Amino acid sequence: MSLFSKFKNNLQKTSNFLSSNILNSFKNNKVDKETLEELESILISADISLDVVEKLLNSVRKVKSSNQDIAQTVLETLAKEIEIILKPREKKLLQENDLKSKILIFVGVNGSGKTTTIGKIASQISNKKTLIAACDTFRAAAIDQLKNWAEKSGNDFYKGDPNQDPASVAFKATEKFNKENYDYLIIDTAGRLSNNTNLINQLVKLKKVVTKINTDTVIETILVLDGTNGSNMIKQVDIFGKELDVSSLIITKLDGTAKGGALISIANKYEIPISFIGLGEKPDDLSDFAAKNFSRSILNLEI
């Protein structure tokens, strides 16, 4: 299956909602006040923010009524405008020819799919010596889950003691990473309540510890978001982004929601790259983000 086919097949909840409603609104082949109001309502219902909706409506207003298929033209116009918004956010997290070692710190609220995402990413890394560290020391289930993923992907695993200070676990894991010349260190962190000041402070401390002893290593902080949360993801980007200098976003579970439009809102508001999106349960369903694939898939268009 091609990457575009994967996008199209697994974004059907969003695309079915958007394309069917838009086609129905423009079935009379007119772009007028009434159809534009209907389009506005449809886009907002897909969790696309008002500022983005206004951009999209402005592009559709330029579509001229004629004998052509207006509905199809509107879909094409929207897809192009959405791609323009998304294109600057494309950035691969894993580079096959990357010669530099990397530390990847994963953050996000519990339930966002953070630990599973780490496992999927670890399984995609090839020909690299990788260490996975469990720094959510308060959830035994998360540690066990991460250990299973490490074993499946053939990577090394490090954990501390139950309830140990997460920053001290990260410190020890980083020491091991340096001493044994790993290519990647992947750190899982706690995620209880994004508005919990203690949690954010804990994560800031953990990152400072890792950064202090790895001044020459590329360190990325990756925020994992649950796509089914729709526009509520924006608040999480605000909270984690300000305090932790998030360098990349991963949006999971987009196959299970009609709220895929929220991704566009995030891309429009924040200059943070989107590295992966989750399109299913299998490890290879975590796909590199591609603006054109996404924008055309959610409107049920072909490449």
# chains A, B, ... in the order shown; residues from 1 in each chain; ligands from 1

$ residues_around --residues "segment 110-118 of chain A" --least-positions-apart "4" --cutoff "6 Å" --atoms "only C-alpha atoms" --output "list of chain:residue names"
A:Gly191, A:Arg192, A:Val224, A:Leu225, A:Asp226

$ write_last_selection --atoms "C-alpha atoms" --output "tab-separated table (two decimals), in the first residue's frame"
chain	number	residue	atom	x	y	z
A	191	GLY	CA	1.98	12.58	31.80
A	192	ARG	CA	-0.52	13.16	34.55
A	224	VAL	CA	2.49	13.46	21.65
A	225	LEU	CA	-1.14	14.52	21.21
A	226	ASP	CA	-4.32	12.44	21.05

$ residues_around --residues "segment 87-97 of chain A" --least-positions-apart "4" --cutoff "10 Å" --atoms "only C-alpha atoms" --output "MDAnalysis selection string"
chainID A and resid 82:83 102 104 121 124:128 220 222 247:250 266:268 270:276 287:292 295

$ closest_residue --among "A:Ser153, A:Asn300, A:Asn181, A:Thr215" --to "Pro283 of chain A" --atoms "only C-alpha atoms"
A:Ser153

$ closest_residue --among "A:Asn29, A:Ile277, A:Val209, A:Leu39" --to "Asp69 of chain A" --atoms "only C-alpha atoms"
A:Asn29

$ select_by_dssp --residues "segment 19-191 of chain A" --states "alpha helix (DSSP H)" --output "PyMOL selection string"
chain A and resi 19-25+33-45+50-61+70-86+114-124+140-153+166-179

$ atom_distance --atom1 "atom CA of Leu146 of chain A" --atom2 "atom CA of Tyr182 of chain A"
18.1 Å

$ atom_distance --atom1 "atom CA of Lys176 of chain A" --atom2 "atom CA of Arg139 of chain A"
22.5 Å

$ select_by_dssp --residues "segment 94-238 of chain A" --states "strand (DSSP E)" --output "VMD selection string"
chain A and resid 102 to 107 130 to 134 156 to 159 184 to 188 218 to 226

$ decode --residues "segment 131-178 of chain A" --atoms "N, CA and C atoms" --output "compact mmCIF listing (two decimals), in the first residue's frame"
# COMPACT_ATOMS: atom_id res chain seq x y z
N LEU A 131 18.79 3.01 22.97
CA LEU A 131 18.46 2.75 24.37
C LEU A 131 17.13 3.42 24.68
N ILE A 132 16.21 2.66 25.25
CA ILE A 132 14.90 3.20 25.64
C ILE A 132 14.86 3.28 27.17
N ALA A 133 14.54 4.47 27.69
CA ALA A 133 14.55 4.67 29.14
C ALA A 133 13.14 4.98 29.64
N ALA A 134 12.72 4.25 30.67
CA ALA A 134 11.40 4.46 31.29
C ALA A 134 11.53 5.42 32.46
N CYS A 135 11.16 6.67 32.23
CA CYS A 135 11.28 7.68 33.29
C CYS A 135 9.95 8.07 33.89
N ASP A 136 8.89 7.33 33.54
CA ASP A 136 7.62 7.45 34.27
C ASP A 136 7.66 6.40 35.36
N THR A 137 8.29 6.74 36.47
CA THR A 137 8.57 5.74 37.52
C THR A 137 7.36 5.47 38.41
N PHE A 138 6.24 6.16 38.16
CA PHE A 138 5.07 6.01 39.02
C PHE A 138 4.03 5.06 38.43
N ARG A 139 4.26 4.60 37.20
CA ARG A 139 3.28 3.71 36.55
C ARG A 139 3.98 2.43 36.11
N ALA A 140 3.83 1.39 36.90
CA ALA A 140 4.47 0.11 36.60
C ALA A 140 4.01 -0.42 35.24
N ALA A 141 2.74 -0.22 34.92
CA ALA A 141 2.20 -0.74 33.65
C ALA A 141 2.90 -0.09 32.46
N ALA A 142 3.19 1.21 32.58
CA ALA A 142 3.88 1.91 31.49
C ALA A 142 5.29 1.38 31.32
N ILE A 143 5.95 1.08 32.43
CA ILE A 143 7.32 0.54 32.38
C ILE A 143 7.32 -0.83 31.70
N ASP A 144 6.38 -1.67 32.09
CA ASP A 144 6.28 -3.00 31.49
C ASP A 144 5.96 -2.93 30.00
N GLN A 145 5.06 -2.02 29.66
CA GLN A 145 4.70 -1.85 28.24
C GLN A 145 5.90 -1.41 27.42
N LEU A 146 6.67 -0.48 27.97
CA LEU A 146 7.85 0.03 27.26
C LEU A 146 8.91 -1.07 27.13
N LYS A 147 9.05 -1.86 28.18
CA LYS A 147 10.02 -2.97 28.14
C LYS A 147 9.65 -3.97 27.05
N ASN A 148 8.36 -4.26 26.93
CA ASN A 148 7.90 -5.18 25.87
C ASN A 148 8.21 -4.64 24.49
N TRP A 149 7.98 -3.34 24.30
CA TRP A 149 8.29 -2.73 23.00
C TRP A 149 9.79 -2.81 22.70
N ALA A 150 10.61 -2.55 23.73
CA ALA A 150 12.06 -2.61 23.55
C ALA A 150 12.50 -4.00 23.13
N GLU A 151 11.92 -5.01 23.77
CA GLU A 151 12.26 -6.40 23.43
C GLU A 151 11.82 -6.75 22.02
N LYS A 152 10.61 -6.30 21.63
CA LYS A 152 10.11 -6.58 20.28
C LYS A 152 10.99 -5.96 19.20
N SER A 153 11.48 -4.76 19.48
CA SER A 153 12.27 -4.05 18.47
C SER A 153 13.76 -4.33 18.58
N GLY A 154 14.14 -5.16 19.55
CA GLY A 154 15.55 -5.53 19.70
C GLY A 154 16.42 -4.42 20.23
N ASN A 155 15.83 -3.51 21.02
CA ASN A 155 16.59 -2.39 21.58
C ASN A 155 16.83 -2.60 23.07
N ASP A 156 17.84 -1.89 23.59
CA ASP A 156 18.16 -1.99 25.01
C ASP A 156 17.17 -1.15 25.83
N PHE A 157 17.05 -1.54 27.09
CA PHE A 157 16.03 -0.92 27.95
C PHE A 157 16.66 -0.55 29.29
N TYR A 158 16.25 0.63 29.80
CA TYR A 158 16.74 1.06 31.11
C TYR A 158 15.57 1.56 31.95
N LYS A 159 15.55 1.14 33.22
CA LYS A 159 14.53 1.64 34.14
C LYS A 159 15.15 1.89 35.50
N GLY A 160 14.51 2.74 36.28
CA GLY A 160 14.95 2.99 37.65
C GLY A 160 14.12 2.20 38.62
N ASP A 161 14.10 2.65 39.87
CA ASP A 161 13.31 2.00 40.91
C ASP A 161 11.91 2.63 40.95
N PRO A 162 10.92 1.91 41.45
CA PRO A 162 9.58 2.49 41.58
C PRO A 162 9.60 3.79 42.38
N ASN A 163 8.93 4.80 41.87
CA ASN A 163 8.81 6.12 42.51
C ASN A 163 10.14 6.88 42.62
N GLN A 164 11.16 6.42 41.93
CA GLN A 164 12.43 7.16 41.91
C GLN A 164 12.24 8.48 41.17
N ASP A 165 13.02 9.48 41.56
CA ASP A 165 12.96 10.78 40.89
C ASP A 165 13.22 10.58 39.39
N PRO A 166 12.27 10.96 38.52
CA PRO A 166 12.43 10.73 37.09
C PRO A 166 13.69 11.37 36.51
N ALA A 167 14.08 12.52 37.03
CA ALA A 167 15.28 13.19 36.52
C ALA A 167 16.54 12.36 36.81
N SER A 168 16.56 11.68 37.95
CA SER A 168 17.73 10.86 38.29
C SER A 168 17.80 9.63 37.40
N VAL A 169 16.63 9.08 37.02
CA VAL A 169 16.61 7.96 36.07
C VAL A 169 17.12 8.43 34.72
N ALA A 170 16.66 9.60 34.30
CA ALA A 170 17.11 10.15 33.02
C ALA A 170 18.62 10.40 33.04
N PHE A 171 19.12 10.87 34.18
CA PHE A 171 20.56 11.12 34.32
C PHE A 171 21.36 9.83 34.13
N LYS A 172 20.94 8.77 34.82
CA LYS A 172 21.63 7.49 34.72
C LYS A 172 21.54 6.92 33.30
N ALA A 173 20.37 7.05 32.69
CA ALA A 173 20.20 6.56 31.31
C ALA A 173 21.09 7.33 30.35
N THR A 174 21.22 8.62 30.59
CA THR A 174 22.07 9.45 29.73
C THR A 174 23.54 9.09 29.91
N GLU A 175 23.92 8.80 31.12
CA GLU A 175 25.30 8.34 31.37
C GLU A 175 25.58 7.06 30.58
N LYS A 176 24.63 6.14 30.61
CA LYS A 176 24.77 4.87 29.88
C LYS A 176 24.83 5.15 28.37
N PHE A 177 23.99 6.04 27.91
CA PHE A 177 23.97 6.44 26.50
C PHE A 177 25.34 6.96 26.07
N ASN A 178 25.94 7.80 26.90
CA ASN A 178 27.25 8.37 26.57
C ASN A 178 28.36 7.33 26.64
